[in-house]
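**Q** Once you've had a glance at the structure underneath, I'll fire off some questions.
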Amino acid sequence: MSVETHPQPSLSDAQPGELIRLANITKRFGANTVLDDLSFTVAPGKHVTLIGPSGSGKTTILRLLMTLTRPDEGTITVDGDQLFPAPEKQIREVRKKIGMVFQQFNLFPNMSVLRNITEAPVQVLGMSGDEAEERARELLDLVGLADKCDAKPTRLSGGQQQRVAIARALAMRPRVLLLDEVTSALDPELVAGVLDLLRDIARSTDITMLCVTHEMGFARDISDQVLMFDGGRVIESGSPEKIFTDPEQDRTREFLSAVL
């Protein structure tokens with residue numbers, strides 16, 4: 001099993017065969033406890049999907065891994081290096097191993113598609129311009145936008161912009177790819193194409209994926225493990241077959257009956 005969900009005080013040290021380890025994580029926003037003593041691990045190359053109602057803490061986990069927010073308690077380790085708590089320099093280095101595709105595309109409107117993809121590898125990774133451009137063109141071919149290198153994002157459809165965002169995340173050669181409701185801002189007719197692209201990436205690469213989605217068919221297709229969240233805790237975890245066909249918890253059954 002690639003995911004461990006019960007709290008263990010000794011989880012702060014990464015173990016062999018683990019790429020991500022969250023240990024006893026608590027996150028509060030004011031009086032609201034969003035994550036409540038949460039612990040789980042993810043093995044390299046696995047695809048783990050987080051499901052559950054809005055406000056259950058799923059996206060907060062992705063934001064913690066992206067260092068967009070910080071835990072109030074607990075530790076996070078990625079690829080054997082501690083992300084929190086850690087000195088700022090170490091946080092920046094560990095953060096390079098993580099890519100994220102957001103609900104909104106967050107592309108730079110004043111830059112071409114090609115430069116949107118090359119900017120971070122050059123500025124953050126120190127990659128040469130030629131190497132970054134070669135990588136960007138390969139990725140644009142992968143996402144079906146090889147002819148859009150010189151276009152500005154505002155000239156692209158929502159689905160095309162999300163494909164550029166996926167290519168931009170992959171350009172950093174991340175060990176971990178975080179996907180946060182990547183189709184929620186798309187028109188319905190564009191959703192299938194983006195999900196098919198992500199299925200292809202999941203099947204053809206060894207990137208570890210942590211995904212938050214309400215697209216249950218997609219979750220079932222790509223996941224090695226599904227975690228059901230409620231009230232800042234994982235209340236159930238298992239294979240897609242187990243979670244979607246024979247869940248143990250009443251709350252999981254209630255949630256799935258509402259979204260399937």
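Chain lettering (A, B, ...) mirrors the order of the structure tokens, residue numbering begins at 1 for each chain separately, and ligand numbering begins at 1 in order of display.
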Mind checking which residues fall within 12 Å of Ala136 (chain A), counting only C-alpha atoms, ignoring those fewer than 3 positions away in the same chain, and posting them as number ranges by chain?
**A** A: 112-122, 127, 129-133, 139-143, 145-146, 148-150, 164-173
**Q** Which of region 53-257 of chain A end up as helix (DSSP H, G or I) when DSSP is run on this backbone - answer as a PyMOL selection string?
**A** chain A and resi 58-65+88-95+113-123+129-142+146-148+153-155+158-171+188-204+216-222+240-245+250-257
**Q** Which residues are close to Ile51 (chain A), i.e. within 8 Å by only C-alpha atoms, leaving aside same-chain residues fewer than 2 positions away? Reply as a JSON list (two decimals) with all heavy atoms, in the first residue's frame.
**A**
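The result, stored in around-v7.json:
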```json
[["chain", "number", "residue", "atom", "x", "y", "z"],
["A", 49, "THR", "N", -5.07, 10.14, -5.48],
["A", 49, "THR", "CA", -6.13, 11.12, -5.66],
["A", 49, "THR", "C", -6.82, 11.38, -4.33],
["A", 49, "THR", "O", -7.16, 10.45, -3.60],
["A", 49, "THR", "CB", -7.15, 10.65, -6.70],
["A", 49, "THR", "OG1", -6.50, 10.46, -7.96],
["A", 49, "THR", "CG2", -8.25, 11.69, -6.89],
["A", 53, "PRO", "N", -15.60, 16.32, 0.24],
["A", 53, "PRO", "CA", -16.36, 17.56, 0.07],
["A", 53, "PRO", "C", -15.47, 18.79, 0.10],
["A", 53, "PRO", "O", -14.34, 18.75, 0.59],
["A", 53, "PRO", "CB", -17.32, 17.55, 1.27],
["A", 53, "PRO", "CG", -16.62, 16.71, 2.29],
["A", 53, "PRO", "CD", -15.89, 15.65, 1.53],
["A", 58, "LYS", "N", -8.32, 19.10, 1.22],
["A", 58, "LYS", "CA", -7.58, 18.52, 0.11],
["A", 58, "LYS", "C", -6.61, 19.52, -0.53],
["A", 58, "LYS", "O", -5.41, 19.26, -0.66],
["A", 58, "LYS", "CB", -8.55, 17.98, -0.95],
["A", 58, "LYS", "CG", -9.64, 17.07, -0.42],
["A", 58, "LYS", "CD", -10.54, 16.57, -1.50],
["A", 58, "LYS", "CE", -11.23, 17.65, -2.28],
["A", 58, "LYS", "NZ", -12.16, 18.46, -1.47],
["A", 212, "VAL", "N", -6.17, 16.47, -6.75],
["A", 212, "VAL", "CA", -7.47, 16.81, -6.16],
["A", 212, "VAL", "C", -8.44, 16.99, -7.31],
["A", 212, "VAL", "O", -8.19, 17.80, -8.23],
["A", 212, "VAL", "CB", -7.38, 18.10, -5.33],
["A", 212, "VAL", "CG1", -8.79, 18.55, -4.91],
["A", 212, "VAL", "CG2", -6.52, 17.89, -4.10],
["A", 213, "THR", "N", -9.53, 16.25, -7.32],
["A", 213, "THR", "CA", -10.47, 16.34, -8.43],
["A", 213, "THR", "C", -11.86, 15.91, -8.00],
["A", 213, "THR", "O", -12.02, 15.11, -7.07],
["A", 213, "THR", "CB", -10.01, 15.48, -9.62],
["A", 213, "THR", "OG1", -10.89, 15.67, -10.73],
["A", 213, "THR", "CG2", -9.99, 13.99, -9.26],
["A", 214, "HIS", "N", -12.85, 16.45, -8.70],
["A", 214, "HIS", "CA", -14.22, 15.96, -8.57],
["A", 214, "HIS", "C", -14.60, 15.11, -9.79],
["A", 214, "HIS", "O", -15.75, 14.67, -9.91],
["A", 214, "HIS", "CB", -15.20, 17.13, -8.43],
["A", 214, "HIS", "CG", -15.21, 17.72, -7.05],
["A", 214, "HIS", "ND1", -14.50, 18.86, -6.71],
["A", 214, "HIS", "CD2", -15.81, 17.31, -5.92],
["A", 214, "HIS", "CE1", -14.68, 19.13, -5.44],
["A", 214, "HIS", "NE2", -15.47, 18.21, -4.93],
["A", 226, "VAL", "N", -6.70, 6.02, -3.54],
["A", 226, "VAL", "CA", -7.65, 7.11, -3.35],
["A", 226, "VAL", "C", -7.81, 7.35, -1.85],
["A", 226, "VAL", "O", -7.98, 6.40, -1.08],
["A", 226, "VAL", "CB", -9.02, 6.78, -3.98],
["A", 226, "VAL", "CG1", -10.02, 7.90, -3.71],
["A", 226, "VAL", "CG2", -8.88, 6.53, -5.48],
["A", 227, "LEU", "N", -7.74, 8.63, -1.46],
["A", 227, "LEU", "CA", -7.93, 9.02, -0.06],
["A", 227, "LEU", "C", -9.21, 9.83, 0.05],
["A", 227, "LEU", "O", -9.38, 10.81, -0.68],
["A", 227, "LEU", "CB", -6.76, 9.86, 0.44],
["A", 227, "LEU", "CG", -5.50, 9.12, 0.93],
["A", 227, "LEU", "CD1", -4.85, 8.35, -0.18],
["A", 227, "LEU", "CD2", -4.52, 10.12, 1.53],
["A", 228, "MET", "N", -10.08, 9.41, 0.93],
["A", 228, "MET", "CA", -11.32, 10.14, 1.18],
["A", 228, "MET", "C", -11.14, 11.05, 2.39],
["A", 228, "MET", "O", -10.82, 10.59, 3.49],
["A", 228, "MET", "CB", -12.47, 9.16, 1.43],
["A", 228, "MET", "CG", -13.76, 9.78, 1.91],
["A", 228, "MET", "SD", -14.54, 10.88, 0.70],
["A", 228, "MET", "CE", -15.80, 11.65, 1.74],
["A", 229, "PHE", "N", -11.31, 12.36, 2.16],
["A", 229, "PHE", "CA", -11.13, 13.36, 3.20],
["A", 229, "PHE", "C", -12.48, 13.83, 3.74],
["A", 229, "PHE", "O", -13.45, 13.98, 3.00],
["A", 229, "PHE", "CB", -10.39, 14.59, 2.65],
["A", 229, "PHE", "CG", -8.91, 14.45, 2.66],
["A", 229, "PHE", "CD1", -8.27, 13.60, 1.75],
["A", 229, "PHE", "CD2", -8.14, 15.14, 3.57],
["A", 229, "PHE", "CE1", -6.90, 13.47, 1.77],
["A", 229, "PHE", "CE2", -6.76, 15.01, 3.58],
["A", 229, "PHE", "CZ", -6.14, 14.17, 2.69]]
```
**Q** Work out how far apart CA of Leu22 (chain A) and CA of Val182 (chain A) are and give it in Å to one decimal.
**A** 23.0 Å
**Q** What does the distance between CA of Asp36 (chain A) and CA of Arg233 (chain A) come to in Å, to one decimal place?
**A**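 We find that CA of Asp36 (chain A) and CA of Arg233 (chain A) lie 6.0 Å from each other.
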**Q** As an exercise, work out the distance from CA of Pro247 (chain A) to CA of Arg28 (chain A) in Å and give it to one decimal place.
**A**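 Interatomic distance here is 28.8 Å.
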**Q** Near Met216 (chain A), counting only C-alpha atoms, which residues have an atom at most 12 Å away, once you skip same-chain residues fewer than 2 positions from it, shown as a ChimeraX atom specification?
**A** /A:49-52,181,195,211-214,218-223,226,228,240-241,243-244,255-260
**Q** Extract the full set of strand (DSSP E or B) residues from region 45-257 of chain A according to DSSP on the backbone, and format it as a PyMOL selection string.
**A** chain A and resi 47-51+73-78+81-84+98-101+176-180+208-212+225-230+233-238
**Q** Taking only C-alpha atoms into account, which of A:Val78, A:Met66, A:Leu38, A:Val124 comes nearest Glu18 (chain A)?
**A**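 For Glu18 (chain A), the nearest of the candidates is A:Val78.
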